[in-house]
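Before any comments, here is the structure.
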Amino acid sequence: MRYKVFIPQLLILLSILFATGCKNGGKDKVYCQTFIQRETIHDKNHKELSTKYKLLCTGHCPGKDSCEKITITYNPPLKNGLIKKQWCGCNGDTIPQACDVVLYTYNFDGRIVQTADCTAFNTCPVATDSCIQQNRDIGTDTIRSADHKDSLYIYHTQISCECMNRK
């Protein structure tokens, strides 16, 4: 008997949470989410040898189109060497949606450097929330030489941004 009352209340609560959680501070609905996979390779002494980034998109745009990788290129690079920004969005988007991760690519004197960073820090639907970068370890691979004397360690990390309470 208690469950009949509880289930409709739960459904109403979930629908309210979903509706407010999908809003960009009361603005447009957020359809796409960006995830970045970082792969860092270390030698046997744990010295970093290289880092690669891969952009992954989830979600669907209005009209059921899949989210796509959006790239803005700066040629010549901006003052700080920024050559491009990438994130996931819908066709025609010119800025990232609320609280999303953006992949920045820089050229510093011929050296290409990439970083992942949250954008739209103040666009969470709740005033006490902040857009915070989340790094989640998703696994480690080990590559050993044929004689088992040398090893390479490959660390996989998923980077995203989430609205979290500042309190």
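Ordered as shown in the structure tokens, chains take letters A, B, and onward, while each chain numbers its residues from 1 and ligands are numbered from 1 in the order shown.
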
Q.
I want to know what sits within 12 Å of His60 of chain A, based on only C-alpha atoms, with residues of the same chain fewer than 3 positions away left out; could you give that as a list in words?
A.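 After dropping sequence-adjacent residues, the list is Lys29, Val30, Tyr31, Cys32, Gln33, Thr34, Cys57, Gly63, Lys64, Asp65, Ser66, Cys67, Glu68, Cys88, Gly89, Cys90 and Asn91 of chain A.
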
Q.
Between A:Asn107, A:Asn75, A:Thr40, A:Thr157, which residue has the minimum interatomic distance to Ile138 of chain A, considering only C-alpha atoms?
A. A:Thr157

Q.
Please compute the atom CA of Phe35 of chain A-atom CA of Thr105 of chain A distance, one decimal, in Å.
A.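 According to the coordinates, atom CA of Phe35 of chain A and atom CA of Thr105 of chain A are separated by 15.8 Å.
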
Q) Could you state the separation of atom CA of Tyr155 of chain A and atom CA of Val101 of chain A in Å, given to one decimal place? A) 19.7 Å
